[in-house]
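Data from upload-v1.txt: compact mmCIF, C-alpha atoms
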# COMPACT_ATOMS: atom_id res chain seq x y z
CA MET A 15 -274.72 -158.36 -105.09
CA CYS A 16 -275.12 -155.78 -107.89
CA LYS A 17 -278.14 -155.85 -110.20
CA LYS A 18 -276.14 -157.11 -113.21
CA ALA A 19 -274.58 -159.96 -111.22
CA LEU A 20 -277.96 -160.92 -109.81
CA ILE A 21 -279.45 -161.19 -113.31
CA LEU A 22 -276.57 -163.41 -114.48
CA PHE A 23 -277.03 -165.59 -111.37
CA LEU A 24 -280.76 -166.03 -112.03
CA ILE A 25 -280.17 -166.90 -115.69
CA THR A 26 -277.59 -169.52 -114.72
CA LEU A 27 -279.90 -170.96 -112.08
CA SER A 28 -282.77 -171.21 -114.59
CA LEU A 29 -280.60 -173.25 -116.95
CA TRP A 30 -279.98 -175.76 -114.16
CA VAL A 31 -283.63 -176.24 -113.27
CA ILE A 32 -285.09 -176.34 -116.81
CA PRO A 33 -285.31 -180.02 -117.85
CA GLY A 34 -282.95 -181.00 -120.61
CA HIS A 35 -280.16 -178.53 -119.86
CA SER A 36 -278.39 -179.93 -116.84
CA HIS A 37 -278.34 -183.56 -117.82
CA GLY A 38 -278.62 -183.34 -121.59
CA GLU A 39 -281.73 -183.66 -123.72
CA GLU A 40 -284.47 -186.07 -122.80
CA TYR A 41 -284.80 -189.11 -125.07
CA PRO A 42 -286.29 -189.24 -127.59
CA THR A 43 -286.59 -185.72 -129.00
CA LYS A 44 -286.74 -186.65 -132.68
CA SER A 45 -287.73 -189.52 -134.96
CA ILE A 46 -286.06 -192.91 -134.51
CA GLU A 47 -284.92 -195.14 -137.37
CA LEU A 48 -285.80 -198.82 -137.29
CA TYR A 49 -283.65 -200.72 -139.77
CA SER A 50 -285.37 -203.47 -141.72
CA ALA A 51 -282.55 -205.71 -142.91
CA TYR A 52 -284.59 -207.59 -145.50
CA THR A 53 -286.33 -206.69 -148.76
CA PRO A 54 -289.57 -204.68 -148.87
CA GLY A 55 -292.53 -207.03 -148.80
CA SER A 56 -290.70 -209.73 -146.84
CA SER A 57 -292.19 -211.02 -143.60
CA PHE A 58 -289.59 -209.24 -141.45
CA ASP A 59 -290.09 -205.99 -143.32
CA LEU A 60 -293.86 -206.06 -142.91
CA THR A 61 -293.45 -206.93 -139.23
CA ALA A 62 -291.04 -204.01 -138.76
CA ARG A 63 -293.77 -201.69 -140.04
CA VAL A 64 -296.29 -203.04 -137.54
CA ILE A 65 -293.78 -202.54 -134.71
CA ALA A 66 -292.87 -199.02 -135.87
CA GLU A 67 -296.46 -197.85 -136.06
CA ILE A 68 -297.34 -199.04 -132.56
CA ALA A 69 -294.02 -198.22 -130.85
CA SER A 70 -294.33 -194.61 -132.04
CA LYS A 71 -297.26 -194.18 -129.64
CA TYR A 72 -295.20 -195.22 -126.64
CA LEU A 73 -291.98 -193.42 -127.54
CA GLY A 74 -293.73 -190.15 -128.32
CA GLN A 75 -291.78 -189.77 -131.57
CA PRO A 76 -292.16 -191.28 -135.04
CA VAL A 77 -290.40 -194.60 -135.60
CA VAL A 78 -289.41 -194.68 -139.27
CA VAL A 79 -288.65 -197.97 -141.03
CA VAL A 80 -285.49 -197.78 -143.15
CA ASN A 81 -284.74 -200.62 -145.56
CA LYS A 82 -281.04 -201.32 -145.16
CA ILE A 83 -280.77 -204.59 -147.04
CA GLY A 84 -277.89 -206.82 -148.06
CA ALA A 85 -275.69 -209.67 -146.84
CA GLY A 86 -278.44 -211.27 -144.78
CA GLY A 87 -278.56 -208.33 -142.37
CA SER A 88 -274.84 -207.52 -142.15
CA ILE A 89 -275.16 -204.21 -144.03
CA ALA A 90 -277.68 -202.96 -141.48
CA ALA A 91 -275.68 -204.29 -138.54
CA ALA A 92 -272.48 -202.63 -139.72
CA ASP A 93 -274.29 -199.30 -140.07
CA ILE A 94 -275.75 -199.47 -136.56
CA ILE A 95 -272.38 -200.38 -135.06
CA SER A 96 -270.58 -197.54 -136.86
CA SER A 97 -273.22 -194.97 -135.85
CA LYS A 98 -273.40 -192.88 -132.70
CA PRO A 99 -274.88 -195.03 -129.87
CA ASP A 100 -277.61 -192.54 -128.98
CA GLY A 101 -280.68 -194.76 -129.44
CA TYR A 102 -281.85 -193.14 -132.67
CA LYS A 103 -281.01 -196.19 -134.75
CA PHE A 104 -281.88 -199.77 -133.94
CA MET A 105 -282.66 -202.83 -136.02
CA LEU A 106 -285.01 -205.76 -136.34
CA ILE A 107 -283.12 -209.00 -136.87
CA SER A 108 -283.32 -212.63 -135.78
CA ASN A 109 -281.25 -214.56 -133.27
CA ASN A 110 -280.12 -216.80 -136.14
CA PHE A 111 -278.34 -213.84 -137.74
CA PHE A 112 -275.80 -214.07 -134.92
CA ALA A 113 -275.75 -217.87 -134.70
CA ILE A 114 -275.64 -218.64 -138.43
CA THR A 115 -275.43 -215.74 -140.89
CA VAL A 116 -272.31 -214.00 -139.59
CA LYS A 117 -270.56 -217.39 -139.42
CA THR A 118 -270.84 -217.70 -143.21
CA GLN A 119 -269.37 -214.30 -144.10
CA LYS A 120 -266.22 -212.25 -143.90
CA ILE A 121 -267.44 -209.33 -141.82
CA SER A 122 -265.75 -206.07 -140.87
CA PHE A 123 -267.53 -205.66 -137.54
CA ASP A 124 -267.96 -207.46 -134.24
CA PRO A 125 -271.57 -208.71 -133.96
CA ASN A 126 -271.18 -208.61 -130.17
CA HIS A 127 -271.38 -204.82 -130.47
CA LEU A 128 -275.13 -205.28 -130.92
CA ILE A 129 -277.20 -206.12 -127.85
CA PRO A 130 -280.81 -207.33 -127.71
CA ILE A 131 -283.56 -205.14 -126.32
CA GLY A 132 -285.99 -208.04 -126.59
CA SER A 133 -287.90 -210.18 -129.06
CA LEU A 134 -291.56 -209.92 -130.01
CA PHE A 135 -292.42 -212.77 -132.34
CA VAL A 136 -291.45 -216.12 -133.85
CA THR A 137 -291.08 -216.35 -137.62
CA LYS A 138 -292.52 -219.53 -139.12
CA ASN A 139 -289.94 -220.66 -141.66
CA ALA A 140 -290.86 -223.55 -143.93
CA LEU A 141 -290.38 -225.46 -147.17
CA PHE A 142 -293.06 -224.87 -149.81
CA VAL A 143 -294.05 -226.29 -153.19
CA LYS A 144 -296.60 -225.14 -155.75
CA GLY A 145 -300.19 -226.10 -154.89
CA ASP A 146 -300.60 -228.45 -157.86
CA SER A 147 -297.22 -230.16 -157.49
CA PRO A 148 -297.15 -233.97 -157.18
CA TRP A 149 -295.46 -233.77 -153.75
CA LYS A 150 -297.89 -233.80 -150.86
CA THR A 151 -295.30 -234.29 -148.11
CA LEU A 152 -291.63 -233.63 -147.43
CA ASN A 153 -290.94 -237.35 -147.83
CA ASP A 154 -292.58 -237.29 -151.27
CA LEU A 155 -290.25 -234.49 -152.32
CA LEU A 156 -287.16 -236.21 -150.91
CA ASP A 157 -288.06 -239.57 -152.51
CA TYR A 158 -288.27 -237.86 -155.89
CA ALA A 159 -284.96 -236.06 -155.30
CA LYS A 160 -283.19 -239.30 -154.32
CA LYS A 161 -284.35 -240.99 -157.52
CA ASN A 162 -283.47 -237.95 -159.60
CA GLN A 163 -280.17 -236.76 -158.20
CA GLY A 164 -279.16 -233.27 -159.31
CA LYS A 165 -282.57 -232.37 -160.75
CA LEU A 166 -284.52 -230.89 -157.84
CA ARG A 167 -284.47 -227.07 -157.98
CA TRP A 168 -284.91 -225.40 -154.62
CA ALA A 169 -284.70 -221.71 -153.84
CA HIS A 170 -284.16 -219.28 -150.99
CA ALA A 171 -283.82 -215.51 -150.61
CA GLY A 172 -280.88 -215.17 -148.28
CA ARG A 173 -277.57 -216.99 -148.37
CA GLY A 174 -276.33 -217.74 -144.87
CA THR A 175 -279.77 -217.32 -143.31
CA ILE A 176 -281.87 -220.09 -141.76
CA LEU A 177 -283.83 -220.22 -145.03
CA HIS A 178 -280.63 -221.32 -146.75
CA PHE A 179 -279.17 -223.35 -143.90
CA ALA A 180 -282.22 -225.51 -143.07
CA PRO A 181 -282.76 -227.04 -146.55
CA LEU A 182 -279.03 -227.73 -146.83
CA LEU A 183 -279.21 -229.76 -143.61
CA ILE A 184 -282.31 -231.64 -144.76
CA LEU A 185 -280.92 -232.46 -148.21
CA LYS A 186 -277.53 -233.54 -146.87
CA LYS A 187 -279.05 -235.84 -144.26
CA ALA A 188 -281.38 -237.31 -146.90
CA GLY A 189 -278.44 -237.93 -149.25
CA VAL A 190 -279.79 -235.65 -151.96
CA GLU A 191 -277.90 -233.66 -154.58
CA ALA A 192 -279.99 -230.70 -155.71
CA ILE A 193 -279.76 -227.38 -157.55
CA GLU A 194 -279.71 -224.31 -155.30
CA VAL A 195 -281.34 -221.20 -156.77
CA PRO A 196 -280.80 -217.98 -154.79
CA TYR A 197 -283.17 -215.02 -155.21
CA LYS A 198 -282.74 -211.38 -154.28
CA GLY A 199 -285.77 -211.22 -152.01
CA THR A 200 -289.04 -212.74 -150.89
CA PRO A 201 -291.27 -211.21 -153.62
CA GLU A 202 -289.06 -212.76 -156.31
CA LEU A 203 -289.08 -216.09 -154.47
CA VAL A 204 -292.88 -216.12 -154.26
CA ALA A 205 -293.18 -215.31 -157.96
CA ALA A 206 -290.77 -218.14 -158.78
CA VAL A 207 -292.68 -220.82 -156.90
CA LEU A 208 -296.05 -219.61 -158.24
CA GLY A 209 -294.66 -219.57 -161.77
CA GLY A 210 -293.26 -223.08 -161.50
CA HIS A 211 -289.69 -221.89 -162.11
CA ILE A 212 -288.50 -223.86 -159.08
CA ASP A 213 -289.59 -227.11 -157.46
CA ALA A 214 -289.43 -225.99 -153.83
CA ALA A 215 -289.03 -222.72 -151.97
CA SER A 216 -287.59 -222.07 -148.54
CA GLY A 217 -289.39 -219.05 -147.12
CA THR A 218 -291.46 -217.54 -144.36
CA TYR A 219 -295.06 -218.58 -143.85
CA GLY A 220 -296.08 -214.94 -143.45
CA ALA A 221 -294.95 -214.13 -146.99
CA LEU A 222 -296.81 -217.09 -148.48
CA LYS A 223 -299.80 -217.34 -146.16
CA ASP A 224 -302.39 -215.95 -148.58
CA ASN A 225 -301.22 -218.27 -151.34
CA VAL A 226 -301.28 -221.24 -148.96
CA LYS A 227 -304.83 -220.40 -147.89
CA ALA A 228 -305.83 -220.09 -151.55
CA GLY A 229 -304.32 -223.48 -152.41
CA LYS A 230 -301.76 -221.98 -154.78
CA VAL A 231 -298.86 -223.05 -152.56
CA ARG A 232 -298.46 -226.05 -150.26
CA CYS A 233 -296.47 -225.93 -147.02
CA LEU A 234 -294.58 -229.22 -146.50
CA ALA A 235 -292.81 -228.68 -143.17
CA PHE A 236 -291.94 -225.97 -140.66
CA TYR A 237 -288.33 -225.63 -139.50
CA SER A 238 -289.31 -226.11 -135.88
CA ASP A 239 -289.37 -228.51 -132.96
CA ARG A 240 -293.15 -228.26 -132.63
CA ARG A 241 -296.28 -227.72 -134.68
CA TYR A 242 -297.90 -224.31 -134.88
CA SER A 243 -301.58 -223.65 -134.33
CA ASP A 244 -301.87 -221.92 -137.70
CA PRO A 245 -301.83 -224.03 -139.78
CA SER A 246 -302.09 -226.99 -137.42
CA ASP A 247 -301.95 -229.66 -140.14
CA VAL A 248 -298.36 -228.95 -141.21
CA PRO A 249 -295.69 -231.09 -139.49
CA CYS A 250 -292.44 -229.77 -138.04
CA THR A 251 -289.01 -230.99 -139.12
CA THR A 252 -288.29 -232.57 -135.74
CA GLU A 253 -291.19 -235.00 -136.04
CA LEU A 254 -290.13 -235.80 -139.61
CA GLY A 255 -286.69 -236.95 -138.53
CA PHE A 256 -284.69 -233.73 -138.81
CA PRO A 257 -284.26 -232.56 -135.19
CA GLU A 258 -281.12 -230.57 -136.11
CA VAL A 259 -283.26 -228.18 -138.12
CA GLY A 260 -285.86 -227.88 -135.37
CA ARG A 261 -283.30 -226.44 -132.98
CA PHE A 262 -283.11 -223.14 -134.85
CA THR A 263 -286.36 -221.40 -133.98
CA THR A 264 -286.28 -217.85 -135.35
CA PHE A 265 -287.02 -215.14 -132.78
CA GLY A 266 -287.51 -211.68 -134.29
CA GLY A 267 -286.02 -209.09 -131.99
CA LEU A 268 -284.78 -205.53 -131.72
CA TYR A 269 -281.09 -204.82 -131.28
CA VAL A 270 -279.16 -201.66 -130.50
CA HIS A 271 -275.52 -200.56 -130.19
CA LYS A 272 -273.93 -201.97 -127.02
CA ASP A 273 -272.73 -198.53 -125.91
CA THR A 274 -276.22 -197.06 -125.89
CA PRO A 275 -276.79 -195.45 -122.45
CA PRO A 276 -278.72 -197.74 -120.07
CA LYS A 277 -281.44 -195.13 -119.55
CA ILE A 278 -282.14 -195.06 -123.27
CA VAL A 279 -282.10 -198.85 -123.51
CA LYS A 280 -284.67 -198.93 -120.70
CA THR A 281 -286.86 -196.42 -122.54
CA LEU A 282 -286.75 -198.59 -125.65
CA SER A 283 -287.36 -201.73 -123.61
CA ASP A 284 -290.40 -200.22 -121.87
CA ALA A 285 -291.82 -199.12 -125.22
CA LEU A 286 -291.19 -202.60 -126.61
CA ARG A 287 -293.12 -204.22 -123.79
CA LYS A 288 -296.03 -201.81 -124.27
CA THR A 289 -295.96 -202.48 -128.00
CA TYR A 290 -296.23 -206.20 -127.38
CA GLU A 291 -299.12 -205.72 -124.96
CA ASP A 292 -301.03 -203.49 -127.39
CA PRO A 293 -304.01 -205.45 -128.84
CA SER A 294 -303.32 -204.05 -132.29
CA PHE A 295 -299.86 -205.63 -132.25
CA LYS A 296 -301.23 -209.12 -131.66
CA LYS A 297 -303.77 -208.62 -134.43
CA GLY A 298 -301.18 -207.22 -136.83
CA ILE A 299 -298.64 -210.00 -136.32
CA GLU A 300 -301.21 -212.78 -136.52
CA ASN A 301 -302.59 -211.26 -139.73
CA LEU A 302 -299.08 -211.55 -141.15
CA GLY A 303 -299.03 -215.24 -140.24
CA GLU A 304 -296.39 -215.05 -137.51
CA GLU A 305 -296.63 -215.99 -133.83
CA ILE A 306 -296.29 -213.38 -131.07
CA ARG A 307 -293.92 -214.17 -128.22
CA PHE A 308 -292.16 -211.74 -125.91
CA GLU A 309 -288.73 -212.56 -124.53
CA GLY A 310 -286.23 -210.36 -122.72
CA PRO A 311 -282.57 -209.71 -123.55
CA GLU A 312 -281.15 -212.49 -121.39
CA PHE A 313 -283.30 -215.08 -123.17
CA ASN A 314 -282.08 -213.80 -126.52
CA LYS A 315 -278.44 -213.93 -125.46
CA GLU A 316 -278.82 -217.50 -124.23
CA THR A 317 -280.68 -218.55 -127.37
CA ILE A 318 -277.90 -217.17 -129.57
CA LYS A 319 -275.23 -218.89 -127.49
CA LYS A 320 -276.94 -222.29 -127.65
CA ALA A 321 -277.65 -221.97 -131.36
CA GLU A 322 -274.01 -221.05 -132.07
CA GLU A 323 -272.80 -224.19 -130.30
CA ILE A 324 -274.99 -226.32 -132.56
CA ALA A 325 -274.60 -224.31 -135.76
CA VAL A 326 -270.82 -224.03 -136.06
CA PRO A 327 -270.09 -227.77 -136.43
CA LEU A 328 -272.98 -228.11 -138.88
CA LEU A 329 -271.83 -225.13 -140.94
CA LYS A 330 -268.33 -226.60 -141.11
CA ASN A 331 -269.75 -229.96 -142.18
CA LEU A 332 -271.72 -228.24 -144.94
CA GLY A 333 -268.62 -226.36 -146.06
CA ILE A 334 -270.07 -222.87 -145.65
CA TYR A 335 -268.39 -221.79 -142.39
CA VAL A 336 -266.03 -218.82 -142.75
CA GLU A 337 -263.10 -218.55 -140.35
CA ARG A 338 -262.48 -215.14 -138.79
What is this structure when it is put down as structure tokens?
Amino acid sequence: MCKKALILFLITLSLWVIPGHSHGEEYPTKSIELYSAYTPGSSFDLTARVIAEIASKYLGQPVVVVNKIGAGGSIAAADIISSKPDGYKFMLISNNFFAITVKTQKISFDPNHLIPIGSLFVTKNALFVKGDSPWKTLNDLLDYAKKNQGKLRWAHAGRGTILHFAPLLILKKAGVEAIEVPYKGTPELVAAVLGGHIDAASGTYGALKDNVKAGKVRCLAFYSDRRYSDPSDVPCTTELGFPEVGRFTTFGGLYVHKDTPPKIVKTLSDALRKTYEDPSFKKGIENLGEEIRFEGPEFNKETIKKAEEIAVPLLKNLGIYVER
């Protein structure tokens, strides 16, 4: 073999043995975008920032939170689905987005093109009133609304989300006609209830925790099938006679494009597990007022399936189901 040919052979051989050339680049080699589908300052948005900060340690690259808001999460989902499935974009969304939200909209994408990596926490959704309101319990509020049909003003910050869906179920079952007041986001909702512009607000405990602790806001009931440890004195909707609402526990999870290579999905999954096990994650989530809980992708898929079976008939009964 001549000298020139030998040099070419050695160069070619070196390209095969140097990591990253023969089988493509290792993942990740650059920053990763984590889509927050809800407004800045909302419970999900703040949680996304906790996840991003800790997950960056285990992925070896920065995880950057990008606020991609609108349509209850559908804007973010559509962007992920239309993007290259290379693992550099994923999103934080709840299981109820798939079971409820996309059933109330005309969407241009298939939500099945998103797959769960896993969930990390449970969001405590609830109905709130101002701290000095005359209503101490959910029954107090409903009794007033029954005697004053069409006068109760209740608000939410996300049409088609569980925060919209749950009060509709409660009011319909109670035989109440009320005024629905939608807000752009959680900060506006909090300001409205504190200012007395609405009678009741459907929101996340994390967003209102400080005001609840200060006595400025009162939590009447959690949309759950069980009580939470913090605060332990607030009943759940199931024990108050609304088991339909209690079936829609909100699991906050990370989702990625279904065509993302399995190796990359595993890398993200491993980092997610390490994030959950990190002591600073537990502290961060509990400080936000949410409850940590790790579940794998199969649990999330099953939860969505079961919730869909319950939600669709209820959505049709409420008149907000959209046929595809």
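Using all atoms listed in the file, the residues found no farther than 12 Å from Glu309 in chain A, other than those of its own chain fewer than 3 positions away, are Asn109, Pro130, Ile131, Gly132, Ser133, Leu134, Phe135, Val136, Phe265, Gly266, Gly267, Leu268, Ser283, Leu286, Arg287, Tyr290, Ile306, Glu312, Phe313, Asn314, Lys315, Glu316 and Thr317 of chain A.
Residues lying within 6 Å of Ser57 in chain A, counting all atoms listed in the file and ignoring same-chain neighbours fewer than 3 positions away, are Leu60, Gly220 and Ala221 of chain A.
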Using the selection just defined, write its residues with C-alpha atoms as a CSV table (one decimal), in the frame of the given file.
chain,number,residue,atom,x,y,z
A,60,LEU,CA,-293.9,-206.1,-142.9
A,220,GLY,CA,-296.1,-214.9,-143.4
A,221,ALA,CA,-295.0,-214.1,-147.0
_Counting all atoms listed in the file, the option among A:Pro99, A:Gly164, A:Gly55, A:Gly174 closest to Ala325 in chain A_ =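 So, comparing all the options, the nearest one is A:Gly174.
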*Ile299 in chain A: which residues within 9 Å, counting only C-alpha atoms, same-chain residues fewer than 5 positions away excluded, as a VMD selection string?*
chain A and resid 61 64 135 294 304 to 306
Write the residues of the selection above to a file with C-alpha atoms, as a PDB file, in the coordinates of the input.
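Wrote selection.pdb, looks like this:
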ATOM      1  CA  THR A  61    -293.450-206.930-139.230  1.00  0.00           C
ATOM      2  CA  VAL A  64    -296.290-203.040-137.540  1.00  0.00           C
ATOM      3  CA  PHE A 135    -292.420-212.770-132.340  1.00  0.00           C
ATOM      4  CA  SER A 294    -303.320-204.050-132.290  1.00  0.00           C
ATOM      5  CA  GLU A 304    -296.390-215.050-137.510  1.00  0.00           C
ATOM      6  CA  GLU A 305    -296.630-215.990-133.830  1.00  0.00           C
ATOM      7  CA  ILE A 306    -296.290-213.380-131.070  1.00  0.00           C
TER       8      ILE A 306
END
_A:Leu156, A:Leu128, A:Leu185, A:Ile114 ranked by distance to Leu234 in chain A, top pick (using all atoms listed in the file)_ =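 Of the candidates, the smallest distance to Leu234 in chain A is held by A:Leu156.
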*Taking only C-alpha atoms into account, which of A:Leu106, A:Ala92, A:Ile334, A:Leu203 comes nearest Asn126 in chain A?*
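Between A:Leu106, A:Ala92, A:Ile334, A:Leu203, the residue approaching Asn126 in chain A most closely is A:Ala92.
Using only C-alpha atoms, the smallest distance between any of A:Asp273, A:Glu258, A:Asp124, A:Glu291 and Leu329 in chain A comes from A:Glu258.
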*For Tyr335 in chain A, list every protein, DNA or RNA residue within 10 Å, evaluated using all atoms listed in the file, and leave out those in the same chain fewer than 3 positions away; present the list as number ranges by chain.*
A: 114-120, 174, 325-332, 338
*So how many Å separate CA of Phe104 in chain A and CA of His271 in chain A, to one decimal?*
7.4 Å
_What's the separation between CA of Ala169 in chain A and CA of Thr53 in chain A, in Å to one decimal place?_
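Atom-to-atom, CA of Ala169 in chain A to CA of Thr53 in chain A, that is 15.9 Å.
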_Using only C-alpha atoms, can you tell me which of A:Pro125, A:Gly255, A:Gly145, A:Pro249 comes closest to Lys187 in chain A?_
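Closest candidate: A:Gly255.
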_Given all atoms listed in the file as the basis, pick out the residue of A:Pro76, A:Pro245, A:Gly86, A:Pro42 nearest to Gly199 in chain A._
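Closest residue, counting all atoms listed in the file: A:Gly86.
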